[in-house]
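Asks: Okay, so here is data.cif, and as you'll see once you scroll down, it has mmCIF, C-alpha atoms.
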data_upload
loop_
_atom_site.group_PDB
_atom_site.id
_atom_site.type_symbol
_atom_site.label_atom_id
_atom_site.label_comp_id
_atom_site.auth_asym_id
_atom_site.auth_seq_id
_atom_site.Cartn_x
_atom_site.Cartn_y
_atom_site.Cartn_z
ATOM 1 C CA MET F 1 112.355 147.967 96.891
ATOM 2 C CA ILE F 2 111.941 146.217 100.222
ATOM 3 C CA PRO F 3 111.326 149.376 102.247
ATOM 4 C CA THR F 4 108.545 150.268 99.818
ATOM 5 C CA VAL F 5 106.919 146.885 100.344
ATOM 6 C CA LEU F 6 107.296 147.254 104.097
ATOM 7 C CA ARG F 7 105.824 150.722 104.011
ATOM 8 C CA ALA F 8 102.882 149.534 101.932
ATOM 9 C CA SER F 9 102.135 146.650 104.287
ATOM 10 C CA LEU F 10 102.441 148.955 107.311
ATOM 11 C CA VAL F 11 99.930 151.325 105.748
ATOM 12 C CA ALA F 12 97.622 148.374 105.089
ATOM 13 C CA VAL F 13 97.888 147.180 108.707
ATOM 14 C CA LEU F 14 97.226 150.679 110.050
ATOM 15 C CA LEU F 15 94.215 151.097 107.803
ATOM 16 C CA VAL F 16 92.761 147.838 109.080
ATOM 17 C CA LEU F 17 93.396 148.898 112.686
ATOM 18 C CA ALA F 18 91.826 152.297 112.056
ATOM 19 C CA GLY F 19 88.651 150.513 111.045
ATOM 20 C CA THR F 20 88.466 148.468 114.258
ATOM 21 C CA ALA F 21 89.299 151.465 116.434
ATOM 22 C CA HIS F 22 85.775 152.795 115.914
ATOM 23 C CA ALA F 23 84.028 149.456 116.070
ATOM 24 C CA ILE F 24 83.356 149.226 119.814
ATOM 25 C CA ASP F 25 79.837 148.175 118.874
ATOM 26 C CA ALA F 26 80.091 145.081 116.714
ATOM 27 C CA GLU F 27 77.234 146.253 114.525
ATOM 28 C CA ASP F 28 74.820 149.162 114.211
ATOM 29 C CA ALA F 29 72.149 149.307 116.883
ATOM 30 C CA PHE F 30 69.541 150.597 114.429
ATOM 31 C CA ASP F 31 68.775 150.088 110.750
ATOM 32 C CA ASP F 32 67.315 153.581 110.645
ATOM 33 C CA PRO F 33 70.271 155.981 110.127
ATOM 34 C CA VAL F 34 68.474 158.782 112.014
ATOM 35 C CA LEU F 35 68.022 156.639 115.126
ATOM 36 C CA GLN F 36 71.565 155.296 114.766
ATOM 37 C CA GLU F 37 72.907 158.858 114.715
ATOM 38 C CA ARG F 38 70.908 159.783 117.823
ATOM 39 C CA TYR F 39 72.206 156.639 119.527
ATOM 40 C CA GLU F 40 75.824 157.503 118.704
ATOM 41 C CA ASN F 41 75.416 161.152 119.726
ATOM 42 C CA ILE F 42 73.934 160.277 123.123
ATOM 43 C CA ASN F 43 76.645 157.697 123.740
ATOM 44 C CA ARG F 44 79.284 160.343 123.081
ATOM 45 C CA GLU F 45 77.712 162.590 125.759
ATOM 46 C CA LEU F 46 77.632 160.034 128.563
ATOM 47 C CA ARG F 47 80.558 159.220 130.814
ATOM 48 C CA CYS F 48 81.608 155.667 131.500
ATOM 49 C CA LEU F 49 81.688 155.700 135.317
ATOM 50 C CA VAL F 50 84.355 153.005 135.689
ATOM 51 C CA CYS F 51 86.754 154.416 133.093
ATOM 52 C CA GLN F 52 86.059 158.041 133.865
ATOM 53 C CA ASN F 53 87.851 159.757 131.023
ATOM 54 C CA GLN F 54 86.006 157.803 128.372
ATOM 55 C CA THR F 55 82.494 158.140 127.065
ATOM 56 C CA ILE F 56 80.332 155.048 126.872
ATOM 57 C CA ALA F 57 80.789 155.241 123.093
ATOM 58 C CA ASP F 58 84.555 154.809 123.515
ATOM 59 C CA SER F 59 84.621 152.203 126.251
ATOM 60 C CA ASN F 60 84.157 148.485 126.153
ATOM 61 C CA ALA F 61 83.804 148.158 129.918
ATOM 62 C CA THR F 62 80.854 145.988 130.923
ATOM 63 C CA LEU F 63 79.081 148.944 132.471
ATOM 64 C CA ALA F 64 79.502 150.943 129.244
ATOM 65 C CA GLN F 65 77.997 148.056 127.271
ATOM 66 C CA ASP F 66 75.059 147.911 129.687
ATOM 67 C CA LEU F 67 74.512 151.666 129.496
ATOM 68 C CA ARG F 68 74.625 151.565 125.680
ATOM 69 C CA ARG F 69 72.012 148.804 125.763
ATOM 70 C CA GLU F 70 69.898 151.003 128.041
ATOM 71 C CA VAL F 71 70.231 153.949 125.593
ATOM 72 C CA ARG F 72 69.351 151.699 122.648
ATOM 73 C CA ASP F 73 66.265 150.299 124.391
ATOM 74 C CA MET F 74 65.070 153.746 125.416
ATOM 75 C CA ILE F 75 65.439 155.119 121.868
ATOM 76 C CA ALA F 76 63.611 152.071 120.538
ATOM 77 C CA ALA F 77 60.857 152.722 123.099
ATOM 78 C CA GLY F 78 60.431 156.228 121.670
ATOM 79 C CA GLN F 79 62.024 158.210 124.503
ATOM 80 C CA THR F 80 63.494 161.632 123.753
ATOM 81 C CA ASP F 81 67.186 162.499 124.179
ATOM 82 C CA ALA F 82 66.281 164.674 127.166
ATOM 83 C CA GLN F 83 64.423 161.790 128.825
ATOM 84 C CA ILE F 84 67.414 159.498 128.347
ATOM 85 C CA ARG F 85 69.783 162.079 129.819
ATOM 86 C CA GLU F 86 67.405 162.571 132.767
ATOM 87 C CA PHE F 87 67.327 158.778 133.304
ATOM 88 C CA MET F 88 71.122 158.707 133.569
ATOM 89 C CA ILE F 89 71.358 161.792 135.816
ATOM 90 C CA GLU F 90 68.777 160.345 138.234
ATOM 91 C CA ARG F 91 70.981 157.288 138.675
ATOM 92 C CA TYR F 92 74.535 158.528 138.329
ATOM 93 C CA GLY F 93 74.304 162.266 138.988
ATOM 94 C CA ASP F 94 75.525 165.192 136.870
ATOM 95 C CA PHE F 95 78.944 163.563 136.622
ATOM 96 C CA VAL F 96 77.573 161.176 133.991
ATOM 97 C CA LEU F 97 77.304 164.103 131.566
ATOM 98 C CA TYR F 98 80.440 164.814 129.579
ATOM 99 C CA ARG F 99 79.283 168.398 129.105
ATOM 100 C CA PRO F 100 78.317 169.510 132.616
ATOM 101 C CA ARG F 101 75.157 171.545 133.165
ATOM 102 C CA MET F 102 75.205 174.881 134.930
ATOM 103 C CA THR F 103 73.735 174.443 138.415
ATOM 104 C CA ALA F 104 73.618 176.548 141.586
ATOM 105 C CA GLY F 105 76.532 174.484 142.902
ATOM 106 C CA ASN F 106 78.928 175.095 140.031
ATOM 107 C CA PHE F 107 77.720 178.542 138.946
ATOM 108 C CA LEU F 108 80.865 180.216 140.258
ATOM 109 C CA LEU F 109 82.999 177.922 138.114
ATOM 110 C CA TRP F 110 81.079 178.896 134.990
ATOM 111 C CA ALA F 111 81.132 182.589 135.894
ATOM 112 C CA ALA F 112 84.809 182.623 136.910
ATOM 113 C CA PRO F 113 86.297 183.550 133.477
ATOM 114 C CA VAL F 114 83.951 186.525 133.078
ATOM 115 C CA LEU F 115 84.430 187.615 136.703
ATOM 116 C CA LEU F 116 88.219 187.399 136.452
ATOM 117 C CA LEU F 117 88.155 189.365 133.215
ATOM 118 C CA LEU F 118 86.026 192.086 134.856
ATOM 119 C CA ILE F 119 88.318 192.239 137.908
ATOM 120 C CA GLY F 120 91.310 192.498 135.601
ATOM 121 C CA ALA F 121 89.651 195.294 133.627
ATOM 122 C CA VAL F 122 88.811 197.264 136.790
ATOM 123 C CA VAL F 123 92.369 196.911 138.099
ATOM 124 C CA LEU F 124 93.786 197.945 134.711
ATOM 125 C CA VAL F 125 91.584 201.035 134.480
ATOM 126 C CA ARG F 126 92.501 202.127 138.010
ATOM 127 C CA VAL F 127 96.227 201.667 137.452
ATOM 128 C CA VAL F 128 96.145 203.540 134.146
ATOM 129 C CA ARG F 129 94.176 206.441 135.679
ATOM 130 C CA ARG F 130 96.517 206.693 138.649
ATOM 131 C CA ARG F 131 99.556 206.756 136.414
ATOM 132 C CA ALA F 132 97.911 209.368 134.198
ATOM 133 C CA GLN F 133 97.214 211.529 137.277
ATOM 134 C CA GLU F 134 100.762 211.104 138.530
ATOM 135 C CA SER F 135 102.239 212.150 135.210
ATOM 136 C CA ASP F 136 99.810 215.117 135.068
ATOM 137 C CA LEU F 137 101.045 216.221 138.487
ATOM 138 C CA ASP F 138 104.619 215.863 137.303
ATOM 139 C CA ALA F 139 103.898 217.947 134.248
ATOM 140 C CA ASP F 140 102.124 220.716 136.227
ATOM 141 C CA GLY F 141 104.643 220.708 139.066
ATOM 142 C CA PRO F 142 107.050 223.627 139.665
ATOM 143 C CA GLU F 143 109.981 221.475 138.612
ATOM 144 C CA ALA F 144 108.418 220.691 135.248
ATOM 145 C CA GLY F 145 110.889 220.644 132.486
ATOM 146 C CA GLN F 146 113.840 220.421 134.847
ATOM 147 C CA SER F 147 113.927 216.672 135.281
ATOM 148 C CA MET D 148 104.729 195.911 151.640
ATOM 149 C CA ALA D 149 100.913 195.910 151.328
ATOM 150 C CA LYS D 150 101.427 195.482 147.606
ATOM 151 C CA PHE D 151 102.562 191.903 148.222
ATOM 152 C CA VAL D 152 100.100 190.921 150.937
ATOM 153 C CA VAL D 153 97.068 190.576 148.657
ATOM 154 C CA PRO D 154 98.716 188.407 145.941
ATOM 155 C CA PHE D 155 100.374 186.300 148.630
ATOM 156 C CA ALA D 156 97.053 185.773 150.448
ATOM 157 C CA LEU D 157 95.420 184.772 147.149
ATOM 158 C CA PHE D 158 98.299 182.390 146.468
ATOM 159 C CA LEU D 159 97.853 180.784 149.898
ATOM 160 C CA LEU D 160 94.099 180.469 149.350
ATOM 161 C CA LEU D 161 94.695 178.744 146.020
ATOM 162 C CA GLY D 162 97.210 176.456 147.719
ATOM 163 C CA VAL D 163 94.638 175.486 150.350
ATOM 164 C CA PHE D 164 92.069 174.620 147.664
ATOM 165 C CA LEU D 165 94.590 172.561 145.690
ATOM 166 C CA PHE D 166 95.699 170.779 148.863
ATOM 167 C CA ILE D 167 92.087 169.866 149.707
ATOM 168 C CA GLY D 168 91.727 168.647 146.122
ATOM 169 C CA LEU D 169 94.660 166.291 146.620
ATOM 170 C CA GLN D 170 92.898 164.563 149.515
ATOM 171 C CA ARG D 171 89.817 163.729 147.471
ATOM 172 C CA ASP D 172 89.319 160.505 145.561
ATOM 173 C CA PRO D 173 88.489 161.399 141.943
ATOM 174 C CA SER D 174 86.978 157.967 141.299
ATOM 175 C CA TYR D 175 84.352 158.528 144.009
ATOM 176 C CA VAL D 176 81.028 159.546 142.452
ATOM 177 C CA PRO D 177 78.470 160.740 145.028
ATOM 178 C CA SER D 178 75.123 159.014 144.653
ATOM 179 C CA PRO D 179 72.131 161.163 143.715
ATOM 180 C CA LEU D 180 69.957 158.477 145.345
ATOM 181 C CA ILE D 181 70.751 159.485 148.929
ATOM 182 C CA GLY D 182 67.579 160.810 150.563
ATOM 183 C CA LYS D 183 65.380 159.440 147.779
ATOM 184 C CA PRO D 184 63.144 156.350 147.770
ATOM 185 C CA ALA D 185 65.159 153.242 146.975
ATOM 186 C CA PRO D 186 64.627 151.939 143.422
ATOM 187 C CA GLN D 187 62.315 148.944 143.471
ATOM 188 C CA PHE D 188 63.239 145.579 142.090
ATOM 189 C CA SER D 189 61.868 142.085 141.859
ATOM 190 C CA LEU D 190 64.493 139.558 140.810
ATOM 191 C CA PRO D 191 64.927 135.792 140.988
ATOM 192 C CA SER D 192 66.693 134.480 144.044
ATOM 193 C CA LEU D 193 70.227 133.250 143.366
ATOM 194 C CA GLN D 194 69.608 129.915 145.080
ATOM 195 C CA ASP D 195 66.103 129.300 143.724
ATOM 196 C CA ALA D 196 65.000 131.123 140.556
ATOM 197 C CA ALA D 197 61.349 130.290 141.312
ATOM 198 C CA TYR D 198 61.505 132.376 144.463
ATOM 199 C CA PRO D 199 61.530 136.104 143.675
ATOM 200 C CA VAL D 200 63.305 138.674 145.833
ATOM 201 C CA SER D 201 61.294 141.887 146.014
ATOM 202 C CA SER D 202 62.427 145.166 147.558
ATOM 203 C CA GLN D 203 58.818 145.777 148.646
ATOM 204 C CA GLU D 204 59.004 142.939 151.188
ATOM 205 C CA LEU D 205 61.823 144.722 153.007
ATOM 206 C CA LEU D 206 59.834 147.877 153.809
ATOM 207 C CA GLY D 207 59.313 148.639 157.485
ATOM 208 C CA GLN D 208 62.842 147.872 158.682
ATOM 209 C CA PRO D 209 66.296 149.220 157.860
ATOM 210 C CA TRP D 210 68.237 146.941 155.520
ATOM 211 C CA VAL D 211 71.482 146.757 153.639
ATOM 212 C CA LEU D 212 71.996 146.070 149.949
ATOM 213 C CA ASN D 213 75.427 144.742 149.046
ATOM 214 C CA VAL D 214 76.369 144.579 145.363
ATOM 215 C CA TRP D 215 78.861 141.822 144.632
ATOM 216 C CA GLY D 216 80.146 139.364 142.063
ATOM 217 C CA THR D 217 82.602 136.495 142.049
ATOM 218 C CA TRP D 218 84.649 138.422 139.454
ATOM 219 C CA CYS D 219 85.175 141.277 141.914
ATOM 220 C CA GLY D 220 88.350 141.254 143.993
ATOM 221 C CA GLY D 221 87.124 143.818 146.509
ATOM 222 C CA CYS D 222 84.112 141.605 147.225
ATOM 223 C CA ARG D 223 86.394 138.788 148.314
ATOM 224 C CA GLN D 224 88.284 141.269 150.444
ATOM 225 C CA GLU D 225 85.159 142.419 152.308
ATOM 226 C CA HIS D 226 83.529 139.004 152.615
ATOM 227 C CA ASP D 227 84.780 138.224 156.137
ATOM 228 C CA THR D 228 83.622 141.662 157.296
ATOM 229 C CA LEU D 229 80.152 140.993 155.874
ATOM 230 C CA LEU D 230 80.066 137.653 157.705
ATOM 231 C CA ALA D 231 81.003 139.404 160.958
ATOM 232 C CA ILE D 232 78.305 142.040 160.384
ATOM 233 C CA ALA D 233 75.734 139.346 159.621
ATOM 234 C CA ARG D 234 76.561 137.630 162.915
ATOM 235 C CA GLN D 235 75.581 140.839 164.735
ATOM 236 C CA LYS D 236 72.051 140.333 163.364
ATOM 237 C CA THR D 237 71.480 144.115 163.353
ATOM 238 C CA VAL D 238 69.801 144.360 159.956
ATOM 239 C CA PRO D 239 69.261 141.942 157.071
ATOM 240 C CA ILE D 240 71.963 142.097 154.387
ATOM 241 C CA VAL D 241 70.472 141.590 150.951
ATOM 242 C CA GLY D 242 72.943 140.571 148.255
ATOM 243 C CA LEU D 243 72.695 141.822 144.696
ATOM 244 C CA ASN D 244 74.687 139.393 142.607
ATOM 245 C CA TRP D 245 75.743 141.620 139.712
ATOM 246 C CA LYS D 246 76.345 140.164 136.238
ATOM 247 C CA ASP D 247 77.679 136.894 137.525
ATOM 248 C CA ASP D 248 77.564 133.209 136.759
ATOM 249 C CA ASN D 249 74.917 131.520 138.900
ATOM 250 C CA ALA D 250 76.916 128.356 139.606
ATOM 251 C CA LEU D 251 80.083 130.285 140.470
ATOM 252 C CA ALA D 252 78.134 132.599 142.781
ATOM 253 C CA GLN D 253 76.514 129.704 144.636
ATOM 254 C CA GLN D 254 79.883 127.984 144.931
ATOM 255 C CA TRP D 255 81.376 131.189 146.380
ATOM 256 C CA LEU D 256 78.726 131.290 149.115
ATOM 257 C CA ARG D 257 79.244 127.608 149.935
ATOM 258 C CA ASP D 258 83.032 128.013 150.113
ATOM 259 C CA LEU D 259 83.281 131.340 151.932
ATOM 260 C CA GLY D 260 80.051 131.367 153.947
ATOM 261 C CA ASN D 261 76.817 133.225 153.290
ATOM 262 C CA PRO D 262 76.318 136.576 155.040
ATOM 263 C CA TYR D 263 73.129 137.340 153.105
ATOM 264 C CA ALA D 264 69.544 137.012 154.286
ATOM 265 C CA VAL D 265 68.707 136.585 150.609
ATOM 266 C CA VAL D 266 70.545 137.125 147.320
ATOM 267 C CA ALA D 267 68.876 138.611 144.229
ATOM 268 C CA GLU D 268 70.386 137.658 140.900
ATOM 269 C CA ASP D 269 70.864 140.612 138.519
ATOM 270 C CA ARG D 270 72.200 138.780 135.506
ATOM 271 C CA GLU D 271 71.430 141.610 133.053
ATOM 272 C CA GLY D 272 72.689 144.397 135.273
ATOM 273 C CA ARG D 273 69.508 146.461 134.914
ATOM 274 C CA THR D 274 68.740 146.699 138.616
ATOM 275 C CA ALA D 275 72.349 147.729 139.221
ATOM 276 C CA ILE D 276 71.878 150.603 136.745
ATOM 277 C CA ASP D 277 68.668 151.646 138.546
ATOM 278 C CA TRP D 278 70.728 151.872 141.728
ATOM 279 C CA GLY D 279 73.499 153.835 140.007
ATOM 280 C CA VAL D 280 76.020 151.069 140.646
ATOM 281 C CA TYR D 281 79.302 151.493 138.763
ATOM 282 C CA GLY D 282 81.873 149.452 140.651
ATOM 283 C CA ALA D 283 81.417 146.524 142.994
ATOM 284 C CA PRO D 284 81.536 146.214 145.902
ATOM 285 C CA GLU D 285 78.974 148.871 146.747
ATOM 286 C CA THR D 286 76.890 148.826 149.896
ATOM 287 C CA PHE D 287 73.667 150.787 150.394
ATOM 288 C CA LEU D 288 71.778 151.430 153.616
ATOM 289 C CA ILE D 289 68.018 151.743 153.219
ATOM 290 C CA GLY D 290 65.878 153.114 156.044
ATOM 291 C CA ALA D 291 62.687 151.612 157.456
ATOM 292 C CA ASP D 292 60.721 154.097 155.325
ATOM 293 C CA GLY D 293 62.388 152.809 152.138
ATOM 294 C CA VAL D 294 64.648 155.837 151.648
ATOM 295 C CA VAL D 295 68.323 155.404 150.743
ATOM 296 C CA LEU D 296 70.328 156.683 153.717
ATOM 297 C CA PHE D 297 73.927 155.973 152.761
ATOM 298 C CA LYS D 298 76.139 154.422 150.124
ATOM 299 C CA HIS D 299 79.625 153.036 150.624
ATOM 300 C CA ILE D 300 81.709 152.510 147.471
ATOM 301 C CA ALA D 301 84.654 150.265 148.405
ATOM 302 C CA PRO D 302 85.127 147.053 150.349
ATOM 303 C CA MET D 303 83.194 147.226 153.624
ATOM 304 C CA THR D 304 85.222 147.559 156.810
ATOM 305 C CA MET D 305 84.202 147.340 160.477
ATOM 306 C CA GLU D 306 85.277 150.976 160.869
ATOM 307 C CA VAL D 307 82.877 152.148 158.134
ATOM 308 C CA TRP D 308 80.135 149.923 159.523
ATOM 309 C CA ASN D 309 80.473 151.285 163.067
ATOM 310 C CA LYS D 310 80.959 154.905 162.037
ATOM 311 C CA GLU D 311 78.590 155.331 159.073
ATOM 312 C CA PHE D 312 76.033 152.525 159.148
ATOM 313 C CA LEU D 313 75.193 151.784 162.798
ATOM 314 C CA PRO D 314 74.342 155.376 163.825
ATOM 315 C CA ARG D 315 72.087 155.760 160.774
ATOM 316 C CA ILE D 316 70.376 152.444 161.517
ATOM 317 C CA GLU D 317 69.719 153.601 165.097
ATOM 318 C CA ALA D 318 68.384 156.943 163.865
ATOM 319 C CA SER D 319 66.116 155.246 161.326
ATOM 320 C CA ARG D 320 64.726 152.921 164.000
ATOM 321 C CA ALA D 321 64.186 155.813 166.386
ATOM 322 C CA ALA D 322 62.384 157.833 163.698
ATOM 323 C CA THR D 323 59.964 155.070 162.739
ATOM 324 C CA GLY D 324 59.691 153.521 166.193
ATOM 325 C CA SER D 325 60.338 150.006 164.908
ATOM 326 C CA GLN D 326 61.905 147.457 167.235
ATOM 327 C CA SER D 327 65.216 145.757 166.581
#
Please express what this file holds, its structure, as structure tokens.

Replies:
Amino acid sequence: MIPTVLRASLVAVLLVLAGTAHAIDAEDAFDDPVLQERYENINRELRCLVCQNQTIADSNATLAQDLRREVRDMIAAGQTDAQIREFMIERYGDFVLYRPRMTAGNFLLWAAPVLLLLIGAVVLVRVVRRRAQESDLDADGPEAGQS
Amino acid sequence: MAKFVVPFALFLLLGVFLFIGLQRDPSYVPSPLIGKPAPQFSLPSLQDAAYPVSSQELLGQPWVLNVWGTWCGGCRQEHDTLLAIARQKTVPIVGLNWKDDNALAQQWLRDLGNPYAVVAEDREGRTAIDWGVYGAPETFLIGADGVVLFKHIAPMTMEVWNKEFLPRIEASRAATGSQS
């Protein structure tokens, strides 16, 4: 009986905690659900510069709070998502974006998987052809059938 | 023999890249502001809210912007260095008091000494965002033409001042022909 009670209360505690885990913002920034969704989406795309592996949606650092306020004010002022992103990049650089853009500087990084795949394919084709030629020579050679 | 040279060379190359990566500080975020006009601000002075501090007034000479707060340990660490730099009277050091308590900040300057020509109070942290500030202390060097020349993200040291700031200040003066 007791374990069941314990288990039930543990579940209750965890459920309560699960609720607070998402409530970095004490309340919604917008009454309008469309604006609220835009606000949350942008926050999830922007890096918190002090706690680098968190987005500003996930972090309660002071800077993250300030940046969320900035996002909220810009949405309220009628700015587009692109304008808000541009605002952040001008100040904090590309690093502020959680999904990095392709630029001249990091093009090689983006192209690397395709390039490596192509190099691998070329090497594979050459090796296979060489082996095929070698076995052809073996087959046509005077000692064919003897080995 | 040659079969192993190429993979081994590639392995060494990768090792070199990884080794260089180890030397770099992942928390350092380069500022996109370098080489661009410094963001303008007009904020109340820390000591007298009726007296505004405007970045426009500083045009025509190189100057330094130091972002600090009483809550920031690194700022305490660099304070004596800032005082020593201020005594050199090379350039004015403007303080940006970032998200701080006014009384505490004034007390700090009374207790530890005031290296700043003037301190702007950024209670809301909006000016700090305009400058791309993410962790105090941060110190910017702005040229006589109002362009950001350099940014140091860490407590200021005499070594950094002599190596990174002074030569750029000299160059900025030489370029605009202003007198020290």

Asks: So how far away is CA of Leu251 in chain D from CA of Thr217 in chain D, in Å?

Replies: 6.9 Å

Asks: Hey, can you check how far CA of Gln253 in chain D sits from CA of Val280 in chain D?

Replies: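 Those two atoms sit 21.7 Å apart.
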
Asks: Which residues of chain D come within 6 Å of chain F, and what is each one's closest atom pair and distance in Å (one decimal), counting only C-alpha atoms, sorted by chain and residue number, as JSON lines?

Replies:
{"residue": "D:Pro179", "atom": "CA", "partner": "F:Gly93", "partner_atom": "CA", "distance": 5.3}
{"residue": "D:Gly279", "atom": "CA", "partner": "F:Arg91", "partner_atom": "CA", "distance": 4.5}
{"residue": "D:Tyr281", "atom": "CA", "partner": "F:Leu49", "partner_atom": "CA", "distance": 5.9}

Asks: Can you translate the PyMOL selection byres ((chain D and resi 225) around 12) into the concrete residues it hits in this file, as number ranges by chain?

Replies: D: 213-216, 219-224, 226-232, 259, 262, 283-286, 300-305, 307-308

Asks: Skip Ser192 in chain D itself and residues of its chain fewer than 6 positions away, then list as a count of residues only all residues within 9 Å of it, counting all atoms listed in the file.

Replies: 7

Asks: So which residues get picked by the PyMOL selection byres ((chain D and resi 287) around 8) here, written as a list in words?

Replies: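 Evaluating the PyMOL selection byres ((chain D and resi 287) around 8) on this file yields Val211, Leu212, Asn213, Glu285, Thr286, Leu288, Ile289, Val295, Leu296, Phe297, Lys298 and His299 of chain D.
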
Asks: For CA of Pro113 in chain F and CA of Arg101 in chain F, determine how far apart the two atoms are, in Å to one decimal place.

Replies: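 Answer for the CA of Pro113 in chain F to CA of Arg101 in chain F separation: 16.4 Å.
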
Asks: Listed atoms of range 54-60 of chain F, axis-aligned box, 4 Å per side: centre and edge lengths to one decimal in Å, as lines of an AutoDock Vina configuration file?

Replies:
center_x = 83.2
center_y = 153.3
center_z = 125.7
size_x = 13.7
size_y = 17.7
size_z = 13.3

Asks: Residues picked by the PyMOL selection byres ((chain F and resi 29) around 10) here, as an mmCIF file with C-alpha atoms, in the coordinates of the input?

Replies:
data_model
loop_
_atom_site.group_PDB
_atom_site.id
_atom_site.type_symbol
_atom_site.label_atom_id
_atom_site.label_comp_id
_atom_site.auth_asym_id
_atom_site.auth_seq_id
_atom_site.Cartn_x
_atom_site.Cartn_y
_atom_site.Cartn_z
ATOM 1 C CA ASP F 25 79.837 148.175 118.874
ATOM 2 C CA ALA F 26 80.091 145.081 116.714
ATOM 3 C CA GLU F 27 77.234 146.253 114.525
ATOM 4 C CA ASP F 28 74.820 149.162 114.211
ATOM 5 C CA PHE F 30 69.541 150.597 114.429
ATOM 6 C CA ASP F 31 68.775 150.088 110.750
ATOM 7 C CA ASP F 32 67.315 153.581 110.645
ATOM 8 C CA PRO F 33 70.271 155.981 110.127
ATOM 9 C CA LEU F 35 68.022 156.639 115.126
ATOM 10 C CA GLN F 36 71.565 155.296 114.766
ATOM 11 C CA GLU F 37 72.907 158.858 114.715
ATOM 12 C CA TYR F 39 72.206 156.639 119.527
ATOM 13 C CA GLU F 40 75.824 157.503 118.704
ATOM 14 C CA ARG F 68 74.625 151.565 125.680
ATOM 15 C CA ARG F 69 72.012 148.804 125.763
ATOM 16 C CA ARG F 72 69.351 151.699 122.648
ATOM 17 C CA ASP F 73 66.265 150.299 124.391
ATOM 18 C CA ALA F 76 63.611 152.071 120.538
#

Asks: Could you tell me which of F:Leu116, F:Gln79, F:Asn53, F:Ser59 comes closest to Ser174 in chain D if we count all atoms listed in the file?

Replies: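 Under the stated criterion, the closest residue is F:Asn53.
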
Asks: So that I can check the surroundings of Leu190 in chain D, please list as number ranges by chain every protein, DNA and RNA residue that reaches within 12 Å of it, counting all atoms listed in the file and ignoring chain neighbours fewer than 6 positions away.

Replies: D: 196-203, 241-245, 265-275
